[in-house]
$ cat start_21.pdb   # PDB, C-alpha atoms
MODEL        1
ATOM      1  CA  MET A   1      11.547  -9.056 -11.749
ATOM      2  CA  SER A   2      10.187  -6.247  -9.595
ATOM      3  CA  PHE A   3       6.679  -6.209  -8.138
ATOM      4  CA  SER A   4       5.884  -3.190 -10.347
ATOM      5  CA  SER A   5       6.984  -5.035 -13.504
ATOM      6  CA  GLU A   6       4.917  -8.060 -12.521
ATOM      7  CA  VAL A   7       1.834  -5.857 -12.066
ATOM      8  CA  LYS A   8       2.381  -4.282 -15.478
ATOM      9  CA  ASN A   9       2.835  -7.662 -17.131
ATOM     10  CA  GLU A  10      -0.451  -8.816 -15.639
ATOM     11  CA  LEU A  11      -2.238  -5.684 -16.859
ATOM     12  CA  ALA A  12      -0.696  -6.094 -20.315
ATOM     13  CA  ARG A  13      -2.401  -9.481 -20.593
ATOM     14  CA  THR A  14      -5.884  -7.986 -20.187
ATOM     15  CA  GLU A  15      -7.733  -6.085 -22.896
ATOM     16  CA  PRO A  16     -10.984  -4.160 -22.463
ATOM     17  CA  GLU A  17     -13.951  -5.505 -24.377
ATOM     18  CA  LYS A  18     -15.910  -2.282 -24.888
ATOM     19  CA  LYS A  19     -14.768   0.075 -27.629
ATOM     20  CA  CYS A  20     -15.039   3.135 -25.393
ATOM     21  CA  CYS A  21     -12.730   1.494 -22.859
ATOM     22  CA  GLN A  22     -10.231   0.512 -25.543
ATOM     23  CA  LEU A  23     -10.060   4.135 -26.681
ATOM     24  CA  ALA A  24      -9.675   5.364 -23.092
ATOM     25  CA  GLU A  25      -6.771   3.013 -22.394
ATOM     26  CA  ILE A  26      -5.011   3.908 -25.651
ATOM     27  CA  ALA A  27      -5.520   7.615 -24.910
ATOM     28  CA  GLY A  28      -4.054   7.304 -21.406
ATOM     29  CA  PHE A  29      -0.997   5.412 -22.586
ATOM     30  CA  LEU A  30      -0.463   7.638 -25.619
ATOM     31  CA  ARG A  31      -0.727  10.737 -23.431
ATOM     32  CA  VAL A  32       2.276   9.733 -21.289
ATOM     33  CA  SER A  33       4.314   7.486 -23.611
ATOM     34  CA  GLY A  34       3.803   9.082 -27.010
ATOM     35  CA  SER A  35       5.859  11.751 -28.732
ATOM     36  CA  LEU A  36       5.190  13.619 -31.985
ATOM     37  CA  ARG A  37       7.478  14.245 -34.916
ATOM     38  CA  LEU A  38       6.748  16.374 -37.951
ATOM     39  CA  ALA A  39       6.273  14.302 -41.058
ATOM     40  CA  GLY A  40       5.906  17.106 -43.582
ATOM     41  CA  GLY A  41       2.833  18.835 -44.910
ATOM     42  CA  GLY A  42       1.763  19.738 -41.384
ATOM     43  CA  LYS A  43       1.270  16.074 -40.534
ATOM     44  CA  PHE A  44       2.520  14.223 -37.467
ATOM     45  CA  ARG A  45       4.249  10.947 -36.915
ATOM     46  CA  ILE A  46       3.442   9.313 -33.563
ATOM     47  CA  VAL A  47       6.239   7.450 -31.770
ATOM     48  CA  ILE A  48       5.187   5.479 -28.704
ATOM     49  CA  SER A  49       7.923   4.056 -26.475
ATOM     50  CA  SER A  50       8.062   1.521 -23.653
ATOM     51  CA  ASP A  51      10.854  -0.404 -21.952
ATOM     52  CA  ASN A  52       8.542  -3.375 -21.476
ATOM     53  CA  PRO A  53       8.071  -5.671 -24.496
ATOM     54  CA  ALA A  54       4.789  -7.073 -23.148
ATOM     55  CA  ILE A  55       3.356  -3.552 -22.936
ATOM     56  CA  ALA A  56       4.556  -2.709 -26.447
ATOM     57  CA  ARG A  57       2.905  -5.838 -27.876
ATOM     58  CA  HIS A  58      -0.257  -5.120 -25.899
ATOM     59  CA  TYR A  59      -0.716  -1.654 -27.408
ATOM     60  CA  LYS A  60       0.250  -2.839 -30.858
ATOM     61  CA  ARG A  61      -2.709  -5.260 -30.649
ATOM     62  CA  LEU A  62      -5.013  -2.727 -29.020
ATOM     63  CA  ILE A  63      -4.315   0.039 -31.549
ATOM     64  CA  LYS A  64      -4.716  -2.384 -34.440
ATOM     65  CA  GLY A  65      -7.989  -3.670 -33.018
ATOM     66  CA  TYR A  66      -9.481  -0.226 -32.420
ATOM     67  CA  PHE A  67      -8.095   1.956 -35.217
ATOM     68  CA  GLY A  68      -7.478  -0.744 -37.820
ATOM     69  CA  VAL A  69      -3.840   0.277 -38.296
ATOM     70  CA  ASP A  70      -0.812  -1.861 -37.505
ATOM     71  CA  PRO A  71       1.903   0.238 -35.796
ATOM     72  CA  LYS A  72       5.459  -0.564 -36.801
ATOM     73  CA  LEU A  73       7.342  -2.143 -33.877
ATOM     74  CA  GLU A  74      11.069  -1.466 -33.564
ATOM     75  CA  ILE A  75      13.659  -2.091 -30.882
ATOM     76  CA  GLY A  76      15.546   1.041 -29.883
ATOM     77  CA  GLU A  77      19.120   1.409 -28.721
ATOM     78  CA  SER A  78      19.995   0.048 -25.295
ATOM     79  CA  ASN A  79      20.505   2.559 -22.530
ATOM     80  CA  ALA A  80      24.236   2.561 -21.786
ATOM     81  CA  ILE A  81      23.674   3.084 -18.062
ATOM     82  CA  GLY A  82      20.671   0.905 -17.305
ATOM     83  CA  LYS A  83      21.110  -1.398 -20.312
ATOM     84  CA  THR A  84      17.359  -1.124 -20.928
ATOM     85  CA  ARG A  85      16.044  -1.550 -24.443
ATOM     86  CA  SER A  86      13.215   0.606 -25.668
ATOM     87  CA  TYR A  87      10.400  -0.726 -27.837
ATOM     88  CA  LEU A  88       9.002   1.791 -30.299
ATOM     89  CA  LEU A  89       5.601   1.817 -31.989
ATOM     90  CA  THR A  90       5.383   4.188 -34.933
ATOM     91  CA  ILE A  91       2.228   5.487 -36.606
ATOM     92  CA  GLY A  92       2.712   7.709 -39.651
ATOM     93  CA  PRO A  93       0.373   9.973 -41.649
ATOM     94  CA  GLU A  94      -0.355   7.059 -43.988
ATOM     95  CA  ASP A  95      -1.983   5.335 -41.009
ATOM     96  CA  HIS A  96      -4.107   8.379 -40.149
ATOM     97  CA  SER A  97      -1.937   9.571 -37.271
ATOM     98  CA  ASP A  98      -3.688  12.951 -37.123
ATOM     99  CA  GLU A  99      -7.101  11.318 -36.793
ATOM    100  CA  ILE A 100      -5.784   9.108 -33.978
ATOM    101  CA  LEU A 101      -4.438  12.174 -32.177
ATOM    102  CA  ARG A 102      -7.802  13.909 -32.487
ATOM    103  CA  GLU A 103      -9.840  10.932 -31.305
ATOM    104  CA  THR A 104      -7.599  10.435 -28.266
ATOM    105  CA  GLY A 105      -7.982  14.103 -27.311
ATOM    106  CA  ILE A 106      -4.364  15.085 -27.858
ATOM    107  CA  LEU A 107      -4.690  17.158 -31.051
ATOM    108  CA  MET A 108      -7.427  19.748 -30.602
ATOM    109  CA  VAL A 109      -8.829  22.662 -32.609
ATOM    110  CA  ARG A 110      -9.346  26.175 -31.315
ATOM    111  CA  GLU A 111     -10.463  29.087 -33.496
ATOM    112  CA  GLY A 112      -9.668  27.077 -36.590
ATOM    113  CA  HIS A 113      -6.133  26.185 -35.521
ATOM    114  CA  ASN A 114      -4.658  22.908 -34.272
ATOM    115  CA  TYR A 115      -3.071  22.781 -30.837
ATOM    116  CA  LEU A 116      -1.765  20.046 -28.543
ATOM    117  CA  SER A 117      -3.600  19.671 -25.252
ATOM    118  CA  ASP A 118      -1.823  18.737 -22.034
ATOM    119  CA  GLY A 119      -4.813  17.532 -20.036
ATOM    120  CA  ILE A 120      -7.435  14.794 -20.149
ATOM    121  CA  TYR A 121     -10.139  14.945 -22.814
ATOM    122  CA  ASP A 122     -13.354  14.769 -20.774
ATOM    123  CA  ASP A 123     -15.376  12.961 -23.435
ATOM    124  CA  ILE A 124     -13.016   9.971 -23.213
ATOM    125  CA  ILE A 125     -13.513   9.476 -19.464
ATOM    126  CA  ARG A 126     -17.219  10.206 -19.248
ATOM    127  CA  ASN A 127     -18.045   6.681 -18.032
ATOM    128  CA  LYS A 128     -16.639   4.939 -14.949
ATOM    129  CA  CYS A 129     -15.383   1.973 -16.989
ATOM    130  CA  CYS A 130     -13.482   4.368 -19.239
ATOM    131  CA  ARG A 131     -11.894   6.152 -16.268
ATOM    132  CA  LYS A 132     -10.628   2.766 -15.046
ATOM    133  CA  ASN A 133      -8.987   2.033 -18.373
ATOM    134  CA  TYR A 134      -7.575   5.540 -18.779
ATOM    135  CA  LEU A 135      -5.922   5.107 -15.370
ATOM    136  CA  LYS A 136      -4.593   1.731 -16.492
ATOM    137  CA  GLY A 137      -3.083   3.271 -19.637
ATOM    138  CA  VAL A 138      -1.378   6.067 -17.702
ATOM    139  CA  PHE A 139      -0.054   3.609 -15.127
ATOM    140  CA  LEU A 140       1.401   1.312 -17.807
ATOM    141  CA  GLY A 141       3.154   4.283 -19.361
ATOM    142  CA  ALA A 142       4.233   6.362 -16.376
ATOM    143  CA  GLY A 143       3.436   4.464 -13.203
ATOM    144  CA  SER A 144       5.122   2.254 -10.671
ATOM    145  CA  VAL A 145       4.194   0.486  -7.454
ATOM    146  CA  ALA A 146       6.589  -0.522  -4.685
ATOM    147  CA  ASP A 147       6.938  -4.059  -3.367
ATOM    148  CA  PRO A 148       4.463  -4.181  -0.442
ATOM    149  CA  ASP A 149       6.935  -6.296   1.538
ATOM    150  CA  ARG A 150       9.087  -3.161   1.799
ATOM    151  CA  THR A 151       6.706  -0.201   1.703
ATOM    152  CA  TYR A 152       3.386   1.053   0.353
ATOM    153  CA  HIS A 153       3.808   3.483  -2.524
ATOM    154  CA  LEU A 154       2.184   3.890  -5.935
ATOM    155  CA  GLU A 155       2.939   6.818  -8.222
ATOM    156  CA  LEU A 156       2.443   8.299 -11.689
ATOM    157  CA  VAL A 157       5.298  10.506 -12.929
ATOM    158  CA  LEU A 158       3.842  13.062 -15.349
ATOM    159  CA  GLU A 159       5.192  15.906 -17.448
ATOM    160  CA  THR A 160       2.644  18.663 -16.744
ATOM    161  CA  LYS A 161       0.834  20.012 -13.722
ATOM    162  CA  THR A 162      -2.404  20.067 -15.704
ATOM    163  CA  LEU A 163      -2.239  16.339 -16.377
ATOM    164  CA  ALA A 164      -1.208  15.612 -12.773
ATOM    165  CA  ASN A 165      -4.175  17.526 -11.383
ATOM    166  CA  GLY A 166      -6.424  15.820 -13.927
ATOM    167  CA  MET A 167      -5.244  12.381 -12.794
ATOM    168  CA  LYS A 168      -5.671  13.358  -9.142
ATOM    169  CA  LYS A 169      -9.274  14.339  -9.927
ATOM    170  CA  LEU A 170      -9.846  11.142 -11.927
ATOM    171  CA  ILE A 171      -8.564   8.981  -9.059
ATOM    172  CA  GLY A 172     -10.724  10.911  -6.611
ATOM    173  CA  SER A 173     -13.818  10.124  -8.699
ATOM    174  CA  PHE A 174     -13.728   6.550  -7.357
ATOM    175  CA  VAL A 175     -15.365   5.876  -3.998
ATOM    176  CA  ASP A 176     -13.018   6.099  -0.976
ATOM    177  CA  LEU A 177      -9.960   6.733  -3.151
ATOM    178  CA  SER A 178      -7.641   9.724  -3.284
ATOM    179  CA  ALA A 179      -4.115  10.701  -4.247
ATOM    180  CA  LYS A 180      -1.711  13.564  -3.651
ATOM    181  CA  VAL A 181       0.423  15.597  -6.052
ATOM    182  CA  THR A 182       4.007  16.734  -5.561
ATOM    183  CA  GLU A 183       6.830  18.025  -7.753
ATOM    184  CA  ARG A 184      10.089  16.120  -8.119
ATOM    185  CA  LYS A 185      12.995  17.085 -10.378
ATOM    186  CA  GLY A 186      10.771  19.058 -12.727
ATOM    187  CA  LYS A 187       8.168  16.269 -12.939
ATOM    188  CA  HIS A 188       4.703  16.233 -11.410
ATOM    189  CA  VAL A 189       4.057  13.115  -9.347
ATOM    190  CA  VAL A 190       0.632  11.768  -8.415
ATOM    191  CA  TYR A 191       1.102   9.350  -5.540
ATOM    192  CA  MET A 192      -0.534   7.393  -2.740
ATOM    193  CA  LYS A 193       0.966   5.641   0.297
ATOM    194  CA  ASN A 194      -2.169   4.183   1.863
ATOM    195  CA  SER A 195      -2.181   0.395   1.461
ATOM    196  CA  ALA A 196      -5.978   0.297   1.072
ATOM    197  CA  TYR A 197      -5.860   2.943  -1.681
ATOM    198  CA  ILE A 198      -3.104   1.055  -3.505
ATOM    199  CA  ARG A 199      -5.055  -2.194  -3.230
ATOM    200  CA  ASP A 200      -8.198  -0.563  -4.635
ATOM    201  CA  THR A 201      -6.220   1.072  -7.457
ATOM    202  CA  LEU A 202      -4.727  -2.267  -8.524
ATOM    203  CA  ALA A 203      -8.218  -3.793  -8.445
ATOM    204  CA  ILE A 204      -9.676  -0.917 -10.471
ATOM    205  CA  MET A 205      -7.026  -1.385 -13.172
ATOM    206  CA  GLY A 206      -7.592  -5.157 -13.262
ATOM    207  CA  ALA A 207      -4.416  -6.503 -11.573
ATOM    208  CA  HIS A 208      -6.436  -9.022  -9.554
ATOM    209  CA  ALA A 209      -3.649 -11.570  -9.031
ATOM    210  CA  HIS A 210      -1.476  -8.905  -7.434
ATOM    211  CA  VAL A 211      -4.386  -7.647  -5.345
ATOM    212  CA  LEU A 212      -4.405 -11.128  -3.773
ATOM    213  CA  GLU A 213      -0.640 -10.971  -3.313
ATOM    214  CA  LEU A 214      -0.980  -7.584  -1.625
ATOM    215  CA  ASP A 215      -3.744  -8.964   0.614
ATOM    216  CA  ASN A 216      -1.490 -11.857   1.639
ATOM    217  CA  THR A 217       1.291  -9.408   2.475
ATOM    218  CA  LEU A 218      -1.073  -7.268   4.541
ATOM    219  CA  ILE A 219      -2.287 -10.341   6.453
ATOM    220  CA  LYS A 220       1.283 -11.514   7.062
ATOM    221  CA  LYS A 221       2.340  -8.090   8.332
ATOM    222  CA  GLN A 222      -0.726  -7.876  10.564
ATOM    223  CA  MET A 223       0.078 -11.276  12.066
ATOM    224  CA  ILE A 224       3.656 -10.173  12.748
ATOM    225  CA  ASN A 225       2.455  -6.894  14.279
ATOM    226  CA  ASP A 226      -0.056  -8.753  16.452
ATOM    227  CA  ALA A 227       2.644 -11.161  17.625
ATOM    228  CA  VAL A 228       4.976  -8.273  18.479
ATOM    229  CA  ARG A 229       2.198  -6.442  20.309
ATOM    230  CA  ILE A 230       1.280  -9.544  22.322
ATOM    231  CA  THR A 231       4.939 -10.132  23.181
ATOM    232  CA  ASN A 232       5.308  -6.515  24.271
ATOM    233  CA  CYS A 233       2.164  -6.803  26.379
ATOM    234  CA  ASP A 234       3.449 -10.023  27.951
ATOM    235  CA  ASN A 235       6.772  -8.372  28.693
ATOM    236  CA  ALA A 236       5.030  -5.338  30.164
ATOM    237  CA  ASN A 237       2.816  -7.543  32.305
ATOM    238  CA  THR A 238       5.850  -9.502  33.479
ATOM    239  CA  ASP A 239       7.636  -6.278  34.386
ATOM    240  CA  ARG A 240       4.612  -5.054  36.342
ATOM    241  CA  THR A 241       4.323  -8.408  38.121
ATOM    242  CA  LEU A 242       7.997  -8.340  39.111
ATOM    243  CA  ASP A 243       7.793  -4.713  40.296
ATOM    244  CA  ALA A 244       4.755  -5.539  42.430
ATOM    245  CA  SER A 245       6.435  -8.700  43.723
ATOM    246  CA  GLU A 246       9.530  -6.770  44.812
ATOM    247  CA  LYS A 247       7.362  -4.317  46.711
ATOM    248  CA  GLN A 248       5.472  -7.139  48.397
ATOM    249  CA  ILE A 249       8.663  -8.999  49.365
ATOM    250  CA  ARG A 250      10.119  -5.770  50.749
ATOM    251  CA  ALA A 251       7.043  -5.362  52.952
ATOM    252  CA  ILE A 252       7.268  -8.966  54.184
ATOM    253  CA  ARG A 253      10.993  -8.547  55.026
ATOM    254  CA  SER A 254      10.130  -5.381  56.919
ATOM    255  CA  LEU A 255       7.582  -7.257  59.029
ATOM    256  CA  GLN A 256      10.094 -10.032  59.681
ATOM    257  CA  GLU A 257      12.836  -7.622  60.760
ATOM    258  CA  SER A 258      10.493  -5.769  63.118
ATOM    259  CA  GLY A 259       9.260  -8.982  64.729
ATOM    260  CA  ARG A 260       5.676  -8.472  63.571
ATOM    261  CA  TYR A 261       5.669 -11.302  61.023
ATOM    262  CA  ASP A 262       5.107 -14.079  63.585
ATOM    263  CA  LYS A 263       2.080 -12.187  64.939
ATOM    264  CA  LEU A 264       0.342 -12.175  61.527
ATOM    265  CA  PRO A 265      -2.749 -14.353  61.074
ATOM    266  CA  TRP A 266      -1.953 -17.770  59.584
ATOM    267  CA  LYS A 267      -3.628 -16.873  56.251
ATOM    268  CA  LEU A 268      -1.369 -13.824  55.814
ATOM    269  CA  ARG A 269       1.773 -15.759  56.822
ATOM    270  CA  GLU A 270       0.904 -18.479  54.270
ATOM    271  CA  ILE A 271       0.504 -16.061  51.345
ATOM    272  CA  ALA A 272       3.669 -14.197  52.477
ATOM    273  CA  ARG A 273       5.651 -17.465  52.487
ATOM    274  CA  LEU A 274       4.436 -18.333  48.953
ATOM    275  CA  ARG A 275       5.326 -14.845  47.705
ATOM    276  CA  ILE A 276       8.897 -15.066  49.008
ATOM    277  CA  GLU A 277       9.318 -18.582  47.556
ATOM    278  CA  ASN A 278       7.788 -17.598  44.176
ATOM    279  CA  PRO A 279       8.788 -13.993  43.387
ATOM    280  CA  GLU A 280       7.867 -14.292  39.678
ATOM    281  CA  ALA A 281       4.426 -15.823  40.218
ATOM    282  CA  SER A 282       1.275 -13.849  39.463
ATOM    283  CA  LEU A 283      -1.543 -13.428  41.972
ATOM    284  CA  VAL A 284      -3.525 -16.062  40.077
ATOM    285  CA  GLN A 285      -0.641 -18.518  40.335
ATOM    286  CA  LEU A 286      -0.208 -17.810  44.050
ATOM    287  CA  GLY A 287      -3.890 -18.508  44.601
ATOM    288  CA  GLU A 288      -3.598 -21.856  42.819
ATOM    289  CA  MET A 289      -0.765 -22.862  45.183
ATOM    290  CA  LEU A 290      -2.977 -22.487  48.272
ATOM    291  CA  ASP A 291      -4.952 -25.350  49.754
ATOM    292  CA  PRO A 292      -7.782 -24.812  49.195
ATOM    293  CA  PRO A 293      -7.096 -22.623  46.124
ATOM    294  CA  LEU A 294      -8.016 -18.953  46.310
ATOM    295  CA  LYS A 295      -9.196 -16.604  43.562
ATOM    296  CA  LYS A 296      -7.121 -13.635  42.451
ATOM    297  CA  SER A 297      -9.293 -11.159  44.360
ATOM    298  CA  GLY A 298      -8.814 -13.092  47.598
ATOM    299  CA  VAL A 299      -5.037 -13.216  47.150
ATOM    300  CA  ASN A 300      -5.014  -9.506  46.359
ATOM    301  CA  ASN A 301      -6.913  -8.683  49.570
ATOM    302  CA  ARG A 302      -4.375 -10.608  51.678
ATOM    303  CA  ILE A 303      -1.425  -8.936  49.915
ATOM    304  CA  LYS A 304      -2.986  -5.504  50.450
ATOM    305  CA  LYS A 305      -3.351  -6.230  54.179
ATOM    306  CA  ILE A 306       0.332  -7.170  54.400
ATOM    307  CA  LEU A 307       1.316  -3.940  52.612
ATOM    308  CA  GLU A 308      -0.868  -1.899  54.956
ATOM    309  CA  LEU A 309       0.662  -3.465  58.053
ATOM    310  CA  ALA A 310       4.162  -2.834  56.680
ATOM    311  CA  GLY A 311       3.323   0.765  55.810
ATOM    312  CA  GLU A 312       3.935   0.188  52.062
ATOM    313  CA  GLN A 313       0.524   1.423  50.875
TER     314      GLN A 313
ENDMDL
END

$ encode --input "start_21.pdb" --output "structure tokens"
Amino acid sequence: MSFSSEVKNELARTEPEKKCCQLAEIAGFLRVSGSLRLAGGGKFRIVISSDNPAIARHYKRLIKGYFGVDPKLEIGESNAIGKTRSYLLTIGPEDHSDEILRETGILMVREGHNYLSDGIYDDIIRNKCCRKNYLKGVFLGAGSVADPDRTYHLELVLETKTLANGMKKLIGSFVDLSAKVTERKGKHVVYMKNSAYIRDTLAIMGAHAHVLELDNTLIKKQMINDAVRITNCDNANTDRTLDASEKQIRAIRSLQESGRYDKLPWKLREIARLRIENPEASLVQLGEMLDPPLKKSGVNNRIKKILELAGEQ
């Protein structure tokens, strides 16, 4: 099972307690997963579809609890390509489908005539708690989130630009949270790639178990990145030490070939001997080999004097 499916299954196990939040979640899900069919007499039949049985059962319970109607649950034909079954919830005129459409802000009235809106009904998301649940409903119907082990990406694939811009605004109403909108194959996609934004979005919707899983992934990746960075730093330091050592050895050989080495003070000859015998040693390690030991700064001063005498400075 994918990370996205696991998140949705977790969300499908949670139900809002407040009535306003229940309505907001139903409205968000119905907006992206519902379709309308004429039922005669100017009435509508609502058909809500999902490929996730847990989500279908969740909204069957939620709609029954809020509206007092029990949607008919059916299993649709399997998709021949993906072999994915669809689960259909149907609400007919006998179950007050028109009233449900009006209360969820989908069926509106203008100048005495009904029309279908394609945006978010502001009265439903007036409160912060309701915005959280509206986002949850839209995500369960049209959202997905990538496995954080691979990449950071959360998106909502929506039918209209109006709804996409509305969801972008809704997401932006939360502190330190934002999303972008793009168009893909005729759809309007609201998305985010920032790991902190994705984490906060999962927390806002109530997927707390997967917030912890995401946190663990972030920590693991940070540890790996830190280890790589330290290794790279160690390698870089080693390279610099070897480059410096080669230069120092070249200077010492130059002094030996010119006959000046034997005229060096004993302290300089001693550090020169240790450098030639230990080309990979750091200045600190060279200082520890001396008797008595010498600090890094002292070793560095002696090396600099050798370089000066050899004309390597």

$ atom_distance --input "start_21.pdb" --atom1 "CA of Leu36 in chain A" --atom2 "CA of Ser117 in chain A"
12.6 Å

$ closest_residue --input "start_21.pdb" --among "A:Val157, A:Ala12, A:Leu107, A:Asn216" --to "Lys185 in chain A" --atoms "all atoms listed in the file"
A:Val157

$ closest_residue --input "start_21.pdb" --among "A:Gln222, A:Asn300, A:Ser33, A:Ser4" --to "His153 in chain A" --atoms "only C-alpha atoms"
A:Ser4

$ resolve_selection --input "start_21.pdb" --expression "the PyMOL selection byres ((chain A and resi 288-299) around 12)" --output "list of chain:residue names"
A:Lys267, A:Leu268, A:Arg269, A:Glu270, A:Ile271, A:Ala272, A:Arg273, A:Leu274, A:Arg275, A:Glu277, A:Asn278, A:Ala281, A:Ser282, A:Leu283, A:Val284, A:Gln285, A:Leu286, A:Gly287, A:Asn300, A:Asn301, A:Arg302, A:Ile303, A:Lys304, A:Lys305, A:Ile306

$ closest_atom_pairs --input "start_21.pdb" --of "range 52-76 of chain A" --to "range 88-91 of chain A" --cutoff "10 Å" --atoms "only C-alpha atoms" --output "Markdown table"
| residue | atom | partner | partner_atom | distance |
| --- | --- | --- | --- | --- |
| A:Pro53 | CA | A:Leu88 | CA | 9.5 |
| A:Ala56 | CA | A:Leu89 | CA | 7.2 |
| A:Arg57 | CA | A:Leu89 | CA | 9.1 |
| A:Tyr59 | CA | A:Leu89 | CA | 8.5 |
| A:Lys60 | CA | A:Leu89 | CA | 7.2 |
| A:Ile63 | CA | A:Ile91 | CA | 9.9 |
| A:Val69 | CA | A:Ile91 | CA | 8.2 |
| A:Asp70 | CA | A:Ile91 | CA | 8.0 |
| A:Pro71 | CA | A:Ile91 | CA | 5.3 |
| A:Lys72 | CA | A:Thr90 | CA | 5.1 |
| A:Leu73 | CA | A:Leu89 | CA | 4.7 |
| A:Glu74 | CA | A:Leu88 | CA | 5.1 |
| A:Ile75 | CA | A:Leu88 | CA | 6.1 |
| A:Gly76 | CA | A:Leu88 | CA | 6.6 |

$ residues_around --input "start_21.pdb" --residues "Ile171 in chain A" --least-positions-apart "6" --cutoff "10 Å" --atoms "only C-alpha atoms" --output "ChimeraX atom specification"
/A:131-132,135,165,177-180,190,197,201

$ atom_distance --input "start_21.pdb" --atom1 "CA of Ile100 in chain A" --atom2 "CA of Ser5 in chain A"
28.0 Å

$ closest_residue --input "start_21.pdb" --among "A:Leu170, A:Met205, A:Val181, A:Ala164" --to "Thr14 in chain A" --atoms "only C-alpha atoms"
A:Met205

$ residues_around --input "start_21.pdb" --residues "range 23-25 of chain A" --least-positions-apart "6" --cutoff "7 Å" --atoms "all atoms listed in the file" --output "PyMOL selection string"
chain A and resi 104+124-125+130+133-134+136-137

$ atom_distance --input "start_21.pdb" --atom1 "CA of Gly68 in chain A" --atom2 "CA of Pro93 in chain A"
13.8 Å

$ residues_around --input "start_21.pdb" --residues "His58 in chain A" --least-positions-apart "4" --cutoff "8 Å" --atoms "only C-alpha atoms" --output "PyMOL selection string"
chain A and resi 12-13+54+62

$ resolve_selection --input "start_21.pdb" --expression "the PyMOL selection byres ((chain A and resi 10) around 9)" --output "ChimeraX atom specification"
/A:5-9,11-14,206-210

$ closest_residue --input "start_21.pdb" --among "A:Glu103, A:Asp98, A:Asn52, A:Lys193" --to "Ile26 in chain A" --atoms "all atoms listed in the file"
A:Glu103

$ residues_near_point --input "start_21.pdb" --point "(1.4, -2.8, 57.4)" --cutoff "12 Å" --atoms "all atoms listed in the file" --output "MDAnalysis selection string"
chainID A and resid 248 250:256 258 260:261 264 268 302:313

$ closest_residue --input "start_21.pdb" --among "A:Leu156, A:Ile249, A:Ala39, A:Leu218" --to "His188 in chain A" --atoms "all atoms listed in the file"
A:Leu156

$ closest_residue --input "start_21.pdb" --among "A:Tyr87, A:Leu154, A:Ile46, A:Lys247" --to "Phe139 in chain A" --atoms "all atoms listed in the file"
A:Leu154

$ residues_near_point --input "start_21.pdb" --point "(-0.6, 11.3, -25.7)" --cutoff "6 Å" --atoms "only C-alpha atoms" --output "PyMOL selection string"
chain A and resi 30-32+34+106
